[in-house]
Structures are given as C-alpha cells and as structure tokens.
Amino acid sequence: MSSSEPTIIIKKVKKVTGDGHHGGAWKVAYADFVTAMMAFFLLMWLLNATTEDQRKGLADYFNPSIPISPMSGGGTELLEGATIFSAKAESNAKTKRKKETQSTAEANDSGAQKPDNKSTSQALKEEETRIQSAQQAALEAVEEDLLSQIGGDQTEGLASHIQLRVTPEGLVIELIDTNDNPLFNVGSTKASPIMVLLLDVVAQSLSLVKNKISIVGHTDSLPYSSGRDYTNWELSTDRAHAARRLMIAAGLPTTQVNEVAGKADSEPLVEDRFAAQNRRISITILKS
C-alpha cells in the first residue's frame, strides 16, 4: 500500500436503549392504599372522639334508606348529633305530653269554680278604697288635734302661724312667719319661743300617725348683703334642720323623718316675694 493513500478509520458507536415501559398501575394501587389508610385512621379517630348519639347521627346521615336533611349530622352544634327527624319527633312527643298534661289538669279542675277576674279587680279596688279612707281619717285626726291644741289658752296666738292644706302628697302643715312675731331671728337659724311652742304642738299631733314626714324650709326673696357665701339656700336648709331637731326633742321619732330640705324663695306662698308669709317651715305628713 502506498503511503500516499489516506487511512480509513471506522468508529463503532454502541447505542444503549432502556428497558421497556412498565406502565403506571402501581401508582394507582399505592394511591388507593394511602387513601384507605387515611380513611381507616379517620374512622378510628371518629370512634374515639364522638359519643354514641353522635355516631348514631353520622350513621343516619350516610344511610341512603332515610331521606335526611342537610342539617343532620354528628356535630356538636345545633342538633348535637341527632337527625332532623329525631329532633322533630322528640318535639312532637313533648307537645303531645304537654297537651295531655293540660287536658288532665282541666279534667281535674272541671268541678272547681274558676276565679272571676272581675271579682278580683273589684276586691282590689275595694281594698285600695279602704286604705285611702284609713289614710284620710288619720290625716283628719291630726288636723283636728292641731286645731284643738292651738285653740287653747296656753297656745293663744298660734292660729295665725298655722295653715293646713291637703295635697296629693298628704297633709301640709305650714308654719308661717309674721312681721309682729317672727319664727326665727332675722337671717338666723335661732328659733323664737313661739316657734318652739309651735313645733312642740306639731310633734304631739304627729304621734297620732306613723306616716313619714317631710320638712322643708322657705325664705323670702330678700338677699344677704353682697360678698357673702351664705345665701337663702343655706338659710332655708339650716332652718329646716333646726325645726327637725326641736321636734325630735319634743318626742318625734327620728325614723319618722323622711326628708329635710331647703328651697330658699323658689316656692313663695304669696305673690309678694318679700312678704313675711313666704318665710315658713312646711311639714308634710306623707301618705303611706
């Protein structure tokens, strides 16, 4: 062979091919196995975490022979594991038992006379009328006793200081001032001798009743000199407390006093706001 001729090189390439395709059936089988295990563990958990009634509700839900409402189930919410039909049946049973009980009670009471609503209402009205009459009689007794006391020789001159009037709250005893015989010193809470005598008479008359009383002080519209913190409001309140202390000293029980207040010149007795009659102590025998 001549050296000028080209050299021929033959290269053999080995082609490697894989095995044939085995298919995906094993994946399906594995998925079924995992699903079955999950369902098994879910079943075990449900058996352990639910009560007998809840399991019965679940069984009824999956039972195709019974038409179940979507609200049925074994949860702990509305029906507590019972089906809609069992709840309805129980409700019907309770209603039936209630009707039977009512029928039995009506049968047992058939011989007894039913209460007459009209008679009951009439009895209440009669009782209310009786109580009002008794209260009115008590107030009239106090009024008569007061009038009889101020008409005596020892209490001469008291009649001009007492006014009696009946209000929805009760009997009001007004102890009013006069220019000639004031009940308190001017601008002071010191009671005059006639005021002490008046309160002693009132306290004796109040012993006839057990009703609570209200004591309210009033003044005229004459103000204090400017620059003082003490006003007619404080004066009227302090005079009411002074009257309370004098009546308690005369024998009035402390428990009978229901209210002590001062209203200054806010409720005048006469139109002239500077008149002496506006300076007064109002004692109200309250209706019980």
# chains A, B, ... in the order shown; residues from 1 in each chain; ligands from 1

call {"tool": "closest_atom_pairs", "arguments": {"of": "region 156-241 of chain A", "to": "region 251-264 of chain A", "cutoff": "6 Å", "atoms": "only C-alpha atoms", "output": "CSV"}}
result
residue,atom,partner,partner_atom,distance
A:Ala203,CA,A:Leu252,CA,5.6
A:Lys212,CA,A:Gln256,CA,4.8
A:Ile213,CA,A:Val257,CA,5.1
A:Ser214,CA,A:Glu259,CA,4.6
A:Ile215,CA,A:Val260,CA,4.8
A:Val216,CA,A:Ala261,CA,4.8
A:Gly217,CA,A:Gly262,CA,4.6
A:His218,CA,A:Ala264,CA,4.9
A:Thr219,CA,A:Ala264,CA,4.9
A:Asn232,CA,A:Ala264,CA,5.0
A:Trp233,CA,A:Ala264,CA,4.7
A:Ser236,CA,A:Gly262,CA,4.6
A:Thr237,CA,A:Gly262,CA,3.8

call {"tool": "write_last_selection", "arguments": {"atoms": "N, CA and C atoms", "output": "mmCIF file, in the first residue's frame"}}
result
data_model
loop_
_atom_site.group_PDB
_atom_site.id
_atom_site.type_symbol
_atom_site.label_atom_id
_atom_site.label_comp_id
_atom_site.auth_asym_id
_atom_site.auth_seq_id
_atom_site.Cartn_x
_atom_site.Cartn_y
_atom_site.Cartn_z
ATOM 1 N N ALA A 203 -95.381 68.215 116.965
ATOM 2 C CA ALA A 203 -94.795 66.917 117.317
ATOM 3 C C ALA A 203 -95.787 66.068 118.097
ATOM 4 N N LYS A 212 -94.512 58.836 107.451
ATOM 5 C CA LYS A 212 -93.291 59.603 107.314
ATOM 6 C C LYS A 212 -93.641 61.073 107.086
ATOM 7 N N ILE A 213 -92.697 61.957 107.451
ATOM 8 C CA ILE A 213 -92.932 63.386 107.252
ATOM 9 C C ILE A 213 -91.767 63.985 106.464
ATOM 10 N N SER A 214 -92.061 65.095 105.799
ATOM 11 C CA SER A 214 -91.067 65.865 105.056
ATOM 12 C C SER A 214 -91.026 67.274 105.641
ATOM 13 N N ILE A 215 -89.811 67.774 105.902
ATOM 14 C CA ILE A 215 -89.617 69.110 106.485
ATOM 15 C C ILE A 215 -88.858 69.954 105.469
ATOM 16 N N VAL A 216 -89.453 71.060 105.045
ATOM 17 C CA VAL A 216 -88.852 71.921 104.019
ATOM 18 C C VAL A 216 -88.856 73.354 104.526
ATOM 19 N N GLY A 217 -87.698 74.017 104.415
ATOM 20 C CA GLY A 217 -87.574 75.418 104.807
ATOM 21 C C GLY A 217 -87.722 76.346 103.616
ATOM 22 N N HIS A 218 -88.366 77.514 103.847
ATOM 23 C CA HIS A 218 -88.563 78.512 102.796
ATOM 24 C C HIS A 218 -88.180 79.880 103.340
ATOM 25 N N THR A 219 -87.725 80.768 102.464
ATOM 26 C CA THR A 219 -87.404 82.148 102.824
ATOM 27 C C THR A 219 -88.095 83.094 101.847
ATOM 28 N N ASN A 232 -79.750 82.377 100.875
ATOM 29 C CA ASN A 232 -81.057 81.900 101.349
ATOM 30 C C ASN A 232 -81.201 80.391 101.202
ATOM 31 N N TRP A 233 -80.445 79.808 100.293
ATOM 32 C CA TRP A 233 -80.497 78.349 100.154
ATOM 33 C C TRP A 233 -79.948 77.680 101.415
ATOM 34 N N SER A 236 -82.444 78.461 104.424
ATOM 35 C CA SER A 236 -83.681 77.656 104.444
ATOM 36 C C SER A 236 -83.397 76.218 104.844
ATOM 37 N N THR A 237 -82.277 75.668 104.397
ATOM 38 C CA THR A 237 -81.926 74.288 104.768
ATOM 39 C C THR A 237 -81.596 74.196 106.253
#

call {"tool": "select_by_dssp", "arguments": {"residues": "region 99-262 of chain A", "states": "strand (DSSP E)", "output": "MDAnalysis selection string"}}
result
chainID A and resid 162:167 170:176 213:218 257:262

call {"tool": "closest_residue", "arguments": {"among": "A:Leu208, A:Leu46, A:Ala249, A:Leu146", "to": "Val196 (chain A)", "atoms": "only C-alpha atoms"}}
result
A:Ala249

call {"tool": "atom_distance", "arguments": {"atom1": "CA of Asp272 (chain A)", "atom2": "CA of Leu197 (chain A)"}}
result
27.4 Å

call {"tool": "atom_distance", "arguments": {"atom1": "CA of Leu206 (chain A)", "atom2": "CA of Arg280 (chain A)"}}
result
18.6 Å

call {"tool": "residues_around", "arguments": {"residues": "Ala275 (chain A)", "least_positions_apart": "3", "cutoff": "9 Å", "atoms": "only C-alpha atoms", "output": "MDAnalysis selection string"}}
result
chainID A and resid 178:179 220:221 268:272 278:279

call {"tool": "atom_distance", "arguments": {"atom1": "CA of Ser282 (chain A)", "atom2": "CA of Glu174 (chain A)"}}
result
4.7 Å

call {"tool": "residues_around", "arguments": {"residues": "region 157-165 of chain A", "least_positions_apart": "6", "cutoff": "12 Å", "atoms": "only C-alpha atoms", "output": "PyMOL selection string"}}
result
chain A and resi 139-140+142-144+146-151+171-183+193-202+269+276-285

call {"tool": "write_last_selection", "arguments": {"atoms": "N, CA and C atoms", "output": "CSV table (one decimal), in the first residue's frame"}}
result
chain,number,residue,atom,x,y,z
A,139,LEU,N,-105.2,61.5,108.6
A,139,LEU,CA,-104.8,62.9,108.4
A,139,LEU,C,-105.8,63.9,109.0
A,140,GLU,N,-107.1,63.5,109.0
A,140,GLU,CA,-108.1,64.4,109.6
A,140,GLU,C,-108.0,64.4,111.1
A,142,VAL,N,-105.2,64.2,112.8
A,142,VAL,CA,-104.1,65.1,113.1
A,142,VAL,C,-104.5,66.5,112.9
A,143,GLU,N,-105.3,66.8,111.9
A,143,GLU,CA,-105.8,68.2,111.7
A,143,GLU,C,-106.7,68.6,112.8
A,144,GLU,N,-107.6,67.8,113.2
A,144,GLU,CA,-108.5,68.1,114.4
A,144,GLU,C,-107.7,68.3,115.6
A,146,LEU,N,-104.6,69.3,115.9
A,146,LEU,CA,-103.8,70.5,115.8
A,146,LEU,C,-104.8,71.7,116.1
A,147,LEU,N,-105.9,71.7,115.5
A,147,LEU,CA,-106.9,72.8,115.7
A,147,LEU,C,-107.3,72.9,117.1
A,148,SER,N,-107.5,71.8,117.7
A,148,SER,CA,-107.9,71.8,119.1
A,148,SER,C,-106.8,72.3,120.1
A,149,GLN,N,-105.6,72.0,119.7
A,149,GLN,CA,-104.5,72.5,120.6
A,149,GLN,C,-104.2,74.0,120.5
A,150,ILE,N,-104.3,74.5,119.2
A,150,ILE,CA,-104.0,75.9,119.1
A,150,ILE,C,-105.1,76.8,119.5
A,151,GLY,N,-106.2,76.2,119.8
A,151,GLY,CA,-107.4,77.0,120.3
A,151,GLY,C,-107.4,77.1,121.8
A,171,LEU,N,-101.0,65.7,104.0
A,171,LEU,CA,-101.4,66.9,104.7
A,171,LEU,C,-100.2,67.8,105.0
A,172,VAL,N,-100.3,69.1,104.5
A,172,VAL,CA,-99.2,70.0,104.7
A,172,VAL,C,-99.5,71.0,105.8
A,173,ILE,N,-98.6,71.1,106.7
A,173,ILE,CA,-98.7,72.0,107.9
A,173,ILE,C,-97.8,73.1,107.6
A,174,GLU,N,-98.3,74.3,107.3
A,174,GLU,CA,-97.4,75.5,107.1
A,174,GLU,C,-97.3,76.3,108.4
A,175,LEU,N,-96.0,76.4,108.8
A,175,LEU,CA,-95.7,77.3,110.0
A,175,LEU,C,-95.2,78.6,109.4
A,176,ILE,N,-96.0,79.6,109.3
A,176,ILE,CA,-95.7,80.8,108.6
A,176,ILE,C,-95.2,81.9,109.6
A,177,ASP,N,-94.4,82.8,109.0
A,177,ASP,CA,-93.9,83.9,109.8
A,177,ASP,C,-94.8,85.1,109.7
A,178,THR,N,-94.7,86.0,110.7
A,178,THR,CA,-95.4,87.3,110.7
A,178,THR,C,-94.4,88.4,111.0
A,179,ASN,N,-94.8,89.6,110.7
A,179,ASN,CA,-93.9,90.7,111.0
A,179,ASN,C,-93.8,91.0,112.5
A,180,ASP,N,-95.0,90.7,113.2
A,180,ASP,CA,-95.0,91.0,114.6
A,180,ASP,C,-94.3,90.0,115.4
A,181,ASN,N,-94.5,88.7,115.0
A,181,ASN,CA,-93.9,87.6,115.8
A,181,ASN,C,-93.2,86.7,114.9
A,182,PRO,N,-91.9,87.0,114.6
A,182,PRO,CA,-91.2,86.1,113.7
A,182,PRO,C,-90.9,84.8,114.3
A,183,LEU,N,-90.8,83.8,113.4
A,183,LEU,CA,-90.4,82.4,113.9
A,183,LEU,C,-88.9,82.2,114.1
A,193,PRO,N,-89.3,81.8,120.8
A,193,PRO,CA,-90.1,81.0,121.7
A,193,PRO,C,-91.4,80.5,121.1
A,194,ILE,N,-92.1,81.3,120.2
A,194,ILE,CA,-93.3,80.9,119.6
A,194,ILE,C,-93.1,79.8,118.6
A,195,MET,N,-91.9,79.8,117.9
A,195,MET,CA,-91.6,78.7,117.0
A,195,MET,C,-91.4,77.4,117.8
A,196,VAL,N,-90.7,77.5,118.9
A,196,VAL,CA,-90.5,76.3,119.8
A,196,VAL,C,-91.9,75.7,120.2
A,197,LEU,N,-92.8,76.6,120.6
A,197,LEU,CA,-94.1,76.1,121.0
A,197,LEU,C,-94.9,75.5,119.9
A,198,LEU,N,-94.8,76.1,118.7
A,198,LEU,CA,-95.5,75.6,117.5
A,198,LEU,C,-95.0,74.2,117.2
A,199,LEU,N,-93.7,74.0,117.2
A,199,LEU,CA,-93.1,72.7,116.8
A,199,LEU,C,-93.4,71.6,117.9
A,200,ASP,N,-93.6,72.1,119.2
A,200,ASP,CA,-93.9,71.1,120.2
A,200,ASP,C,-95.4,70.6,120.0
A,201,VAL,N,-96.3,71.5,119.6
A,201,VAL,CA,-97.7,71.2,119.3
A,201,VAL,C,-97.7,70.2,118.1
A,202,VAL,N,-97.0,70.5,117.1
A,202,VAL,CA,-97.0,69.7,115.9
A,202,VAL,C,-96.4,68.3,116.2
A,269,LEU,N,-95.3,81.5,99.0
A,269,LEU,CA,-96.6,81.2,99.4
A,269,LEU,C,-97.6,82.2,98.9
A,276,ALA,N,-93.9,88.4,104.6
A,276,ALA,CA,-93.4,87.6,105.7
A,276,ALA,C,-94.0,86.1,105.6
A,277,GLN,N,-95.1,86.0,104.9
A,277,GLN,CA,-95.7,84.6,104.8
A,277,GLN,C,-94.8,83.6,104.1
A,278,ASN,N,-93.9,84.2,103.2
A,278,ASN,CA,-93.0,83.3,102.5
A,278,ASN,C,-91.9,82.7,103.3
A,279,ARG,N,-91.7,83.3,104.5
A,279,ARG,CA,-90.7,82.8,105.4
A,279,ARG,C,-91.4,81.7,106.3
A,280,ARG,N,-91.2,80.5,106.0
A,280,ARG,CA,-92.0,79.5,106.7
A,280,ARG,C,-91.3,78.1,106.7
A,281,ILE,N,-91.9,77.2,107.5
A,281,ILE,CA,-91.4,75.8,107.5
A,281,ILE,C,-92.6,75.0,107.1
A,282,SER,N,-92.5,74.1,106.1
A,282,SER,CA,-93.6,73.3,105.6
A,282,SER,C,-93.3,71.8,106.1
A,283,ILE,N,-94.3,71.3,106.8
A,283,ILE,CA,-94.2,69.9,107.4
A,283,ILE,C,-95.3,69.1,106.7
A,284,THR,N,-94.9,68.2,105.9
A,284,THR,CA,-95.9,67.4,105.1
A,284,THR,C,-96.0,66.0,105.7
A,285,ILE,N,-97.2,65.6,106.1
A,285,ILE,CA,-97.4,64.2,106.5
A,285,ILE,C,-97.7,63.4,105.3
